[in-house]
Amino acid sequence: MSSAERVAAIIAAEATVLMCTPTYALRLAEAARAEGIDVARSALRVSIHAGEPGASIPATRERIETELGVTSFDHTGATEVGAHGFSCDARDGVHLNEAEFVAEILDPVTGQAADEGDGELVMTNLGRWGMPVIRYRTGDRVHGVRGRCACGRTSLKLAGGIAGRVDDMVTVRGVNVFPSAIEAIVRRFAEVEEYRVELVTVREMDELRCTVETRGGAELAERVANAIHRDLGIRCAVAPVAPGTLPRFDMKAKRFVRRREEART
Ligand SMILES: [Zn+2]
């Protein structure tokens, strides 16, 4: 089924809830626009997103909510341990289901496990019979906080959702950056349809380069570069390309690319 056919099915079935990756929600919105369909006026009222951090990234979530006319929630998990978290009305993070899991956070420097703080999420599932895993290292980087949430829950909350994969963190000129931090900035620009970030190693130095798909040209690209510099303290070359140039994704997106460039002499 193509994306346009899925949009048509959503309209025909008067679907009220959509579950997919955040990337695919935006892809469906784009497909609807191309078909002249205002999906924001459809029966859809809620969207639930997994597979990527997008629904916990405010600018991405707002774009999904505006384009689809829904309220969006994040639903975290990992294949090996199952679905483990959900965002709440406070909209500033994800609660872990501690009735089903023992959650720990591994300090990346000391290797010590703690029940809150910064580090890698480690999970023990109490309810899986087929594939029980004990202290499974999820590879997800989180900031866990304890205390009562504005929604009333007291379970461990991952502030801002999952920041990204531990392996995806890059260090540019001494600054640690997750791809989700770049997305949080790029998605604030409504003129950007799609984007890609490359970490390029030149002469053993890492550089970030961003390509934005936009009709806004060099002026818009410069505004994105300035916002990245202001918010993250790093320089990132931003190049504009024409709409429809970058790849589209039906599942998890691959917008972050690493490559090595031979230095020209
Ligand atoms: Zn809450």
# chains A, B, ... in the order shown; residues from 1 in each chain; ligands from 1
>>> residues_around(residues="Thr60 (chain A)", least_positions_apart="2", cutoff="8 Å", atoms="only C-alpha atoms", output="list in words")
Pro22, Gly54, Ala55, Ser56, Ile57, Pro58, Glu62, Arg63, Ile64, Glu183, Ala184, Arg187 and Arg188 of chain A
>>> write_last_selection(atoms="N, CA and C atoms", output="CSV table (one decimal), in the first residue's frame")
chain,number,residue,atom,x,y,z
A,22,PRO,N,7.2,8.7,14.1
A,22,PRO,CA,7.0,10.2,13.8
A,22,PRO,C,7.3,10.5,12.4
A,54,GLY,N,10.8,11.4,18.0
A,54,GLY,CA,10.1,12.6,17.5
A,54,GLY,C,8.9,13.1,18.3
A,55,ALA,N,8.1,12.2,18.9
A,55,ALA,CA,6.9,12.7,19.6
A,55,ALA,C,7.3,13.4,20.9
A,56,SER,N,8.6,13.2,21.4
A,56,SER,CA,9.0,13.9,22.6
A,56,SER,C,9.9,15.2,22.2
A,57,ILE,N,10.0,15.4,20.9
A,57,ILE,CA,10.7,16.6,20.4
A,57,ILE,C,9.7,17.6,20.1
A,58,PRO,N,9.6,18.7,20.9
A,58,PRO,CA,8.5,19.6,20.8
A,58,PRO,C,8.2,20.1,19.4
A,62,GLU,N,4.7,19.2,17.4
A,62,GLU,CA,3.8,20.3,17.0
A,62,GLU,C,3.5,20.2,15.5
A,63,ARG,N,4.5,19.8,14.8
A,63,ARG,CA,4.3,19.7,13.3
A,63,ARG,C,3.3,18.6,13.0
A,64,ILE,N,3.5,17.4,13.7
A,64,ILE,CA,2.6,16.3,13.5
A,64,ILE,C,1.2,16.7,13.9
A,183,GLU,N,17.4,17.8,15.3
A,183,GLU,CA,16.1,17.7,14.9
A,183,GLU,C,15.2,18.7,15.6
A,184,ALA,N,15.4,18.9,16.9
A,184,ALA,CA,14.6,19.8,17.7
A,184,ALA,C,14.7,21.2,17.1
A,187,ARG,N,13.3,21.2,13.0
A,187,ARG,CA,11.8,21.1,12.8
A,187,ARG,C,11.1,22.4,13.2
A,188,ARG,N,11.8,23.3,13.9
A,188,ARG,CA,11.1,24.6,14.2
A,188,ARG,C,10.9,25.4,13.0
>>> select_by_dssp(residues="region 159-239 of chain A", states="strand (DSSP E)", output="ChimeraX atom specification")
/A:159,164-165,170-172,175-177,192-202,205-214,236-239
>>> write_last_selection(atoms="N, CA and C atoms", output="compact mmCIF listing (two decimals), in the first residue's frame")
# COMPACT_ATOMS: atom_id res chain seq x y z
N ALA A 159 13.03 12.54 31.24
CA ALA A 159 12.78 13.94 30.87
C ALA A 159 13.10 14.14 29.39
N GLY A 164 18.39 9.66 22.47
CA GLY A 164 18.91 9.04 21.26
C GLY A 164 19.65 7.77 21.61
N ARG A 165 20.24 7.14 20.60
CA ARG A 165 21.05 5.95 20.85
C ARG A 165 22.39 6.39 21.42
N VAL A 170 27.56 12.31 19.11
CA VAL A 170 28.80 12.72 18.45
C VAL A 170 29.41 13.88 19.21
N THR A 171 30.69 14.01 19.08
CA THR A 171 31.39 15.10 19.75
C THR A 171 32.00 15.99 18.68
N VAL A 172 31.51 17.21 18.62
CA VAL A 172 32.00 18.16 17.63
C VAL A 172 32.68 19.31 18.36
N VAL A 175 31.91 19.41 21.96
CA VAL A 175 30.52 19.50 22.40
C VAL A 175 29.81 18.19 22.05
N ASN A 176 29.17 17.58 23.05
CA ASN A 176 28.42 16.34 22.80
C ASN A 176 27.04 16.66 22.24
N VAL A 177 26.69 16.03 21.13
CA VAL A 177 25.42 16.33 20.47
C VAL A 177 24.73 15.03 20.07
N VAL A 192 11.15 23.92 6.25
CA VAL A 192 11.98 22.75 5.97
C VAL A 192 11.09 21.51 5.88
N GLU A 193 11.08 20.89 4.70
CA GLU A 193 10.26 19.70 4.48
C GLU A 193 10.94 18.46 5.04
N GLU A 194 12.22 18.32 4.73
CA GLU A 194 12.98 17.13 5.12
C GLU A 194 14.42 17.59 5.33
N TYR A 195 15.20 16.78 6.03
CA TYR A 195 16.58 17.19 6.26
C TYR A 195 17.46 15.97 6.44
N ARG A 196 18.77 16.20 6.38
CA ARG A 196 19.74 15.13 6.64
C ARG A 196 20.95 15.76 7.33
N VAL A 197 21.52 15.04 8.28
CA VAL A 197 22.71 15.53 8.97
C VAL A 197 23.84 14.55 8.73
N GLU A 198 24.98 15.07 8.35
CA GLU A 198 26.16 14.23 8.15
C GLU A 198 27.24 14.61 9.15
N LEU A 199 27.86 13.59 9.72
CA LEU A 199 29.06 13.82 10.52
C LEU A 199 30.22 13.43 9.63
N VAL A 200 30.99 14.41 9.22
CA VAL A 200 32.07 14.16 8.27
C VAL A 200 33.40 14.31 8.99
N THR A 201 34.24 13.29 8.86
CA THR A 201 35.56 13.36 9.48
C THR A 201 36.57 13.80 8.43
N VAL A 202 37.15 14.96 8.64
CA VAL A 202 38.15 15.50 7.73
C VAL A 202 39.42 15.76 8.54
N MET A 205 39.25 15.48 12.20
CA MET A 205 38.35 16.41 12.91
C MET A 205 36.93 16.14 12.43
N ASP A 206 35.99 16.15 13.37
CA ASP A 206 34.59 15.91 12.99
C ASP A 206 33.87 17.22 12.70
N GLU A 207 33.14 17.23 11.61
CA GLU A 207 32.33 18.40 11.26
C GLU A 207 30.89 17.96 11.04
N LEU A 208 29.96 18.79 11.44
CA LEU A 208 28.55 18.51 11.16
C LEU A 208 28.13 19.30 9.93
N ARG A 209 27.44 18.61 9.03
CA ARG A 209 26.89 19.29 7.86
C ARG A 209 25.42 18.89 7.73
N CYS A 210 24.61 19.87 7.48
CA CYS A 210 23.18 19.62 7.41
C CYS A 210 22.66 20.02 6.03
N THR A 211 21.80 19.19 5.47
CA THR A 211 21.15 19.52 4.21
C THR A 211 19.66 19.68 4.49
N VAL A 212 19.09 20.81 4.10
CA VAL A 212 17.66 21.03 4.34
C VAL A 212 16.93 21.15 3.02
N GLU A 213 15.80 20.47 2.97
CA GLU A 213 14.97 20.52 1.76
C GLU A 213 13.98 21.66 1.95
N THR A 214 14.11 22.69 1.12
CA THR A 214 13.29 23.89 1.34
C THR A 214 13.20 24.74 0.08
N CYS A 236 27.60 24.45 12.21
CA CYS A 236 27.10 23.39 11.34
C CYS A 236 26.80 24.03 9.99
N ALA A 237 27.51 23.59 8.96
CA ALA A 237 27.24 24.13 7.62
C ALA A 237 25.88 23.62 7.17
N VAL A 238 25.00 24.51 6.73
CA VAL A 238 23.66 24.11 6.30
C VAL A 238 23.49 24.47 4.83
N ALA A 239 23.16 23.47 4.02
CA ALA A 239 23.00 23.69 2.57
C ALA A 239 21.56 23.42 2.17
>>> residues_near_ligand(ligand="ligand 1", cutoff="7 Å", atoms="only C-alpha atoms and all ligand atoms", output="list in words")
Ser87, Cys88, Asp89, Ala90, His95, Cys149, Ala150, Cys151, Gly152 and Arg153 of chain A
